[in-house]
Each structure stands twice: as structure tokens, then as C-alpha cells.
Amino acid sequence: MDSLPYVPAAVTLALLVPVALLGRRLAKLLRQPEIVGEIMACLLLGALLASQWHWKPATMDGGAVLEKAGHLGLALFLVGAVHEIRAGGSRLGGRTIAMTAVGSLLLPLGCGVAFAAWVLADGSPALRGGAPAGVLVLMLAIALAVTAVPVLAGILDDRGMLNTAIGRLCMAVAVSIDAVTWSLLAIAVGLAHGGGKITPYLVFVVGLLGAWLIRRAGALPGPRAWAERIPVAVPIGLTAAAAVAAALTTSRLGLTDVLGAVLVALALPGDDGAGPWTRAAHTVGGWGRIVLPLLFTVTGMGLASAPLSVFSWQAVVLSVVLAIFGKLVGSYYGARAAGRPPVESMRIAVFLNARGLTELAVLQTGYQAGILTPALFLALVVMALFTTVLSGPLLWVIDRRTASVDAPRTAEPVPYPVER
């Protein structure tokens with residue numbers, strides 16, 4: 001089949017939809033977030049195609065196009081996700097949110113530093129790679145601190161808790177955490193590609209300044225009135241074109257294409273969550289979401305193409321243990337310090353432990369920037385999936401334990417006679 005041009009690429013595209021749907025269906029049957037099933041199914045599809053037929057994006061006809069399409073899909077998706085994070089972050093406030101966010105961020109960052117120290121002490125080239133030590137430490141700290149806003153919203157919605165007090169608190173904390181981690185990620189990528197040169201830093205600073213100026217200009221009465229009058233397709237088209245152009249530009253300049261998409265999301269004018277630019281961000285993000293299974297499949301191909309020696313059980317186990325410890329303990333004590341009850345604090349900690357799609361986007365950025373080796377990337381992908389899948393069983397344990405504690409109380413006899 002490899003002798004026929006573009007057949008491998010066409011077969012890969014044809015398999016994406018049924019495999020993704022199958023993964024989502026299986027996840028639903030197992031009472032897991034559907035996105036987790038989709039990610040795992042597409043990763044396995046890519047690994048199978050690479051291991052059985054040696055299909056690799058770098059060698060098969062059309063493979064480079066598939067890989068670029070997957071990355072551009074991620075960029076479009078992040079326009080919607082970052083716009084949501086920015087809008088949510090502007091409404092944050094209060095001691096409860098601040099204390100919970102600090103606990104859910106600082107301890108995981110420390111655990112990431114500890115994981116990086118182990119990687120540096122191990123000294124294995126398959127794990128260590130060639131990234132500067134400081135950049136690697138920052139990248140691994142970010143990787144263990146992320147919370148997945150889209151997956152968290154799905155988990156809360158499945159349990160009917162999205163619009164409850166605990167649901168709003170978890171979303172607000174996750175939004176604030178991801179705003180910090182994406183900023184740190186931009187610094188890490190800039191340091192990785194700087195190499196003593198000023199250009200990457202200058203590009204990012206100029207991009208941030210340009211995004212701020214565009215956002216401020218778009219918030220003026222004249223541009224806001226213009227945006228309300230024009231057809232809805234115009235803001236959508238402008239947002240999509242800007243995201244693609246910015247992603248390609250930052251990639252060509254030596255920065256990851258993800259940063260270009262983030263700058264576009266930051267540049268979109270604020271319109272109170274109901275205006276044309278918010279609709280454009282959600283629409284463009286939805287388009288990117290459709291393409292993401294292609295990115296997962298291409299990523300699976302790349303992982304399966306790497307030598308088996310790059311897989312490190314030690315890295316997998318240590319990253320999983322530190323990630324779970326950091327999020328559960330940090331989030332729990334952060335919520336408790338904010339005055340939340342113990343059981344509610346446990347649920348908050350479990351929700352914030354889910355990393356899912358946001359984690360994979362962060363890891364893909366670090367991998368593409370050359371900070372993460374294939375071995376570290378694979379270990380952290382396993383960590384991201386495991387911590388997300390773990391949310392269901394942990395919540396079930398908490399619910400069962402809470403019910404068993406409350407049951408005897410409801411069974412106690414009424415101490416006073418019933419009034420007639």
C-alpha cells in the first residue's frame with residue numbers, strides 16, 4: 001500500500017471518525033469523560049498504523065500535510081479555549097478562589113520541580129534531551145500543574161454540577177491556574193529557542209503588546225458598534241484567518257505555532273461573553289476541536305515510531321505519583337484553608353486533578369519546541385490520561401463513603417414524639 005501515493009494518508013483520514021466515535025462510546029459506557037476515550041482510541045490508531053505498516057508523517061505522502069493540519073487544528077481549538085480562560089479570569093475574585101488556586105498550583109509546581117530534579121540526576125539522554133536545565137525544570141513544573149478546563153467542564157456537566165457552587169468554584173480555579181501555566185509555557189518556549197538571541201523574546205513581547213492594543217481598540221464604542229452590525233461570518237473569518245496566520249508566523253520565527261494562536265485569543269475584544277467576537281472564538285475553537293483527533297493520531301504514529309528503549313516505566317510511575325499527590329493534597333488543603341468542608345474539599349481536589357486535553361496541548365507544545373524528549377512526552381501523556389480517568393473512580397469512592405457515613409444518621413429513631 002505504501003507504493004500507492006496518498007493512500008496511507010487517505011486511509012488515516014477515513015479511519016479517524018469511526019475510531020474517535022468508538023472511543024467516545026466506550027468511554028461513555030465506562031462512565032468516563034468522552035474526550036478521554038477519543039484521545040486514547042486515536043493514539044492507539046496512530047500507534048497501530050505506525051507499527052504494522054510503518055506509516056510515519058515524515059515519510060508517507062501527505063503525511064506532512066496531516067501533521068500541519070493537526071497542529072493548526074490545535075491552534076484553532078486554543079483560540080476558543082484561551083478566550084474562555086481570559087473571560088473567566090476577568091471575573092475571578094474572592095478568598096475561596098484565591099486560596100484554592102494557590103494550593104492547587106504551588107504544590108504541583110513543586111512536584112514538577114522534584115520530577116525534573118530526578119530526570120536531571122538520572123542523566124539518561126533518552127529522558128534528558130538537549131534542552132537547557134532551567135527550561136526543562138520549568139516545563140515539567142508546568143506539566144504537573146495544569147488542570148483541563150474543557151474536560152473539567154465535561155465531568156461537571158455529566159454529574160449535573162456545572163452550575164452549582166462547587167462547579168463554579170472548580171471552573172474559576174482551573175481558569176486561573178491555566179492562565180498562569182500558559183504564561184509560564186510561553187516563557188519556557190521563548191527560553192528554549194532564545195539561545196542568547198533577542199528575537200524570540202522580542203517577538204513574544206511585541207505580540208503581547210499588539211494583542212493588548214487590538215483588544216483595547218476593539219473595545220471602543222465605534223469598533224464594537226461595527227462588529228455588532230456586520231454579518232456573523234466576518235468576525236469568524238477574521239478570527240480563523242488571524243489564528244492560522246499567527247500560528248504559521250510564530251512557527252517560522254522559531255516559536256511554537258501554539259503561541260501565535262494564544263496571542264490571537266488574547267487580542268479578541270471582550271464583549272461580555274455574548275458578542276460577535278465570543279461567538280467567533282467559540283466557532284473557530286469548535287472547528288479546531290473537530291480536527292484534534294488527527295493530531296492525536298499523528299502523535300500516536302510518532303510515539304510508535306520511536307525506539308522501544310525510549311519508554312521509561314520509572315518516569316511514568318514517578319510522574320503519575322507526583323502529579324496525583326501534588327493536585328490532590330494541594331487542592332484539598334487550599335480548599336480547606338479557604339473554609340470549605342472536608343468532603344467538598346475532597347471533591348474539589350479530585351475535579352482539579354483532571355488534566356485531559358489541556359495537558360496534551362501543553363505537552364505537544366513542549367515536544368514540538370524540543371524541550372521534551374519522546375520518552376518524557378510519552379510518560380507525561382500516560383500521566384495526563386491516567387489522572388483524568390482517575391477522577392471517576394475517586395468521585396465514586398467519595399460518594400460511597402459519604403453515603404455510608406450519612407446512612408446511620410438517617411436510620412436513627414426520631415427522639416421526639418410525632419405531633420398529631
# chains A, B, ... in the order shown; residues from 1 in each chain; ligands from 1
$ residues_around --residues "Leu21 of chain A" --least-positions-apart "3" --cutoff "12 Å" --atoms "only C-alpha atoms" --output "ChimeraX atom specification"
/A:15-18,24-28,34-42,290,293
$ write_last_selection --atoms "C-alpha atoms" --output "compact mmCIF listing (two decimals), in the first residue's frame"
# COMPACT_ATOMS: atom_id res chain seq x y z
CA LEU A 15 -10.48 5.84 9.99
CA LEU A 16 -10.47 8.94 12.18
CA VAL A 17 -14.20 9.47 12.57
CA PRO A 18 -15.26 5.89 13.35
CA ARG A 24 -16.18 8.16 22.90
CA ARG A 25 -18.81 5.43 23.06
CA LEU A 26 -16.60 3.11 25.09
CA ALA A 27 -15.71 5.92 27.47
CA LYS A 28 -19.39 6.70 27.97
CA GLU A 34 -15.81 11.01 26.31
CA ILE A 35 -12.76 13.06 25.31
CA VAL A 36 -10.53 10.60 27.20
CA GLY A 37 -11.86 7.70 25.14
CA GLU A 38 -11.37 9.66 21.94
CA ILE A 39 -7.78 10.57 22.80
CA MET A 40 -6.82 7.02 23.73
CA ALA A 41 -8.51 5.50 20.68
CA CYS A 42 -6.78 7.88 18.27
CA ILE A 290 -13.10 18.62 15.01
CA PRO A 293 -8.38 13.55 16.50
$ atom_distance --atom1 "atom CA of Ser251 of chain A" --atom2 "atom CA of Glu67 of chain A"
13.5 Å
$ atom_distance --atom1 "atom CA of Val291 of chain A" --atom2 "atom CA of Leu72 of chain A"
8.5 Å
$ residues_around --residues "Gly63 of chain A" --least-positions-apart "2" --cutoff "10 Å" --atoms "only C-alpha atoms" --output "list in words"
Tyr6, Pro8, Ala9, Ala10, Thr12, Trp55, Lys56, Pro57, Ala58, Thr59, Met60, Asp61, Val65, Leu66, Glu67, Lys68, Ala69 and Val298 of chain A
$ closest_residue --among "A:Leu29, A:Ala354, A:Gly160, A:Leu169" --to "Arg340 of chain A" --atoms "only C-alpha atoms"
A:Leu169
$ closest_residue --among "A:Leu395, A:Val320, A:Met139, A:Gly366" --to "Ser345 of chain A" --atoms "only C-alpha atoms"
A:Leu395
$ closest_residue --among "A:Asp122, A:Val381, A:Pro108, A:Gly134" --to "Val362 of chain A" --atoms "only C-alpha atoms"
A:Val381
$ residues_around --residues "Ala233 of chain A" --least-positions-apart "3" --cutoff "12 Å" --atoms "only C-alpha atoms" --output "list in words"
Ala227, Glu228, Arg229, Ile230, Ile236, Gly237, Leu238, Thr239, Ala240, Ala241, Pro276, Trp277, Arg279, Ala280, Ala281, Thr283 and Val284 of chain A
$ write_last_selection --atoms "C-alpha atoms" --output "PDB file, in the first residue's frame"
ATOM      1  CA  ALA A 227     -18.816  44.385  14.998  1.00  0.00           C
ATOM      2  CA  GLU A 228     -22.465  44.227  16.054  1.00  0.00           C
ATOM      3  CA  ARG A 229     -23.720  45.374  12.631  1.00  0.00           C
ATOM      4  CA  ILE A 230     -21.639  43.194  10.302  1.00  0.00           C
ATOM      5  CA  ILE A 236     -15.455  34.264  12.382  1.00  0.00           C
ATOM      6  CA  GLY A 237     -13.469  34.535   9.152  1.00  0.00           C
ATOM      7  CA  LEU A 238     -11.174  37.213  10.533  1.00  0.00           C
ATOM      8  CA  THR A 239     -10.510  35.206  13.709  1.00  0.00           C
ATOM      9  CA  ALA A 240      -9.783  31.975  11.831  1.00  0.00           C
ATOM     10  CA  ALA A 241      -7.507  33.702   9.291  1.00  0.00           C
ATOM     11  CA  PRO A 276     -19.702  38.578  17.952  1.00  0.00           C
ATOM     12  CA  TRP A 277     -16.080  38.018  18.996  1.00  0.00           C
ATOM     13  CA  ARG A 279     -19.204  33.664  19.070  1.00  0.00           C
ATOM     14  CA  ALA A 280     -16.279  33.777  16.642  1.00  0.00           C
ATOM     15  CA  ALA A 281     -13.886  32.330  19.232  1.00  0.00           C
ATOM     16  CA  THR A 283     -16.921  28.738  16.406  1.00  0.00           C
ATOM     17  CA  VAL A 284     -13.236  28.703  15.491  1.00  0.00           C
TER      18      VAL A 284
END
$ residues_around --residues "Pro125 of chain A" --least-positions-apart "4" --cutoff "9 Å" --atoms "only C-alpha atoms" --output "PDB file with C-alpha atoms, in the first residue's frame"
ATOM      1  CA  GLY A 129      17.435  15.512  25.886  1.00  0.00           C
ATOM      2  CA  GLY A 130      19.272  18.663  24.917  1.00  0.00           C
ATOM      3  CA  THR A 373      12.130  14.045  24.611  1.00  0.00           C
TER       4      THR A 373
END
$ closest_residue --among "A:Ala375, A:Leu152, A:Val316, A:Leu268" --to "His83 of chain A" --atoms "only C-alpha atoms"
A:Leu268
$ select_by_dssp --residues "segment 189-408 of chain A" --states "helix (DSSP H, G or I)" --output "JSON, numbers by chain"
{"A": [189, 190, 191, 192, 193, 194, 199, 200, 201, 202, 203, 204, 205, 206, 207, 208, 209, 210, 211, 212, 213, 214, 215, 216, 217, 218, 221, 222, 223, 224, 225, 226, 227, 228, 229, 233, 234, 235, 236, 237, 238, 239, 240, 241, 242, 243, 244, 245, 246, 247, 248, 249, 250, 251, 252, 257, 258, 259, 260, 261, 262, 263, 264, 265, 266, 267, 276, 277, 278, 279, 280, 281, 282, 283, 284, 285, 286, 287, 288, 289, 290, 291, 292, 293, 294, 295, 296, 297, 298, 299, 300, 301, 302, 303, 304, 305, 308, 309, 310, 313, 314, 315, 316, 317, 318, 319, 320, 321, 322, 323, 324, 325, 326, 327, 328, 329, 330, 331, 332, 333, 334, 335, 336, 337, 342, 343, 344, 345, 346, 347, 348, 349, 350, 351, 352, 356, 357, 358, 359, 360, 361, 362, 363, 364, 365, 366, 367, 368, 374, 375, 376, 377, 378, 379, 380, 381, 382, 383, 384, 385, 386, 387, 388, 389, 391, 392, 393, 394, 395, 396, 397, 398, 399, 400, 401, 402, 403, 404, 405, 406, 407, 408]}
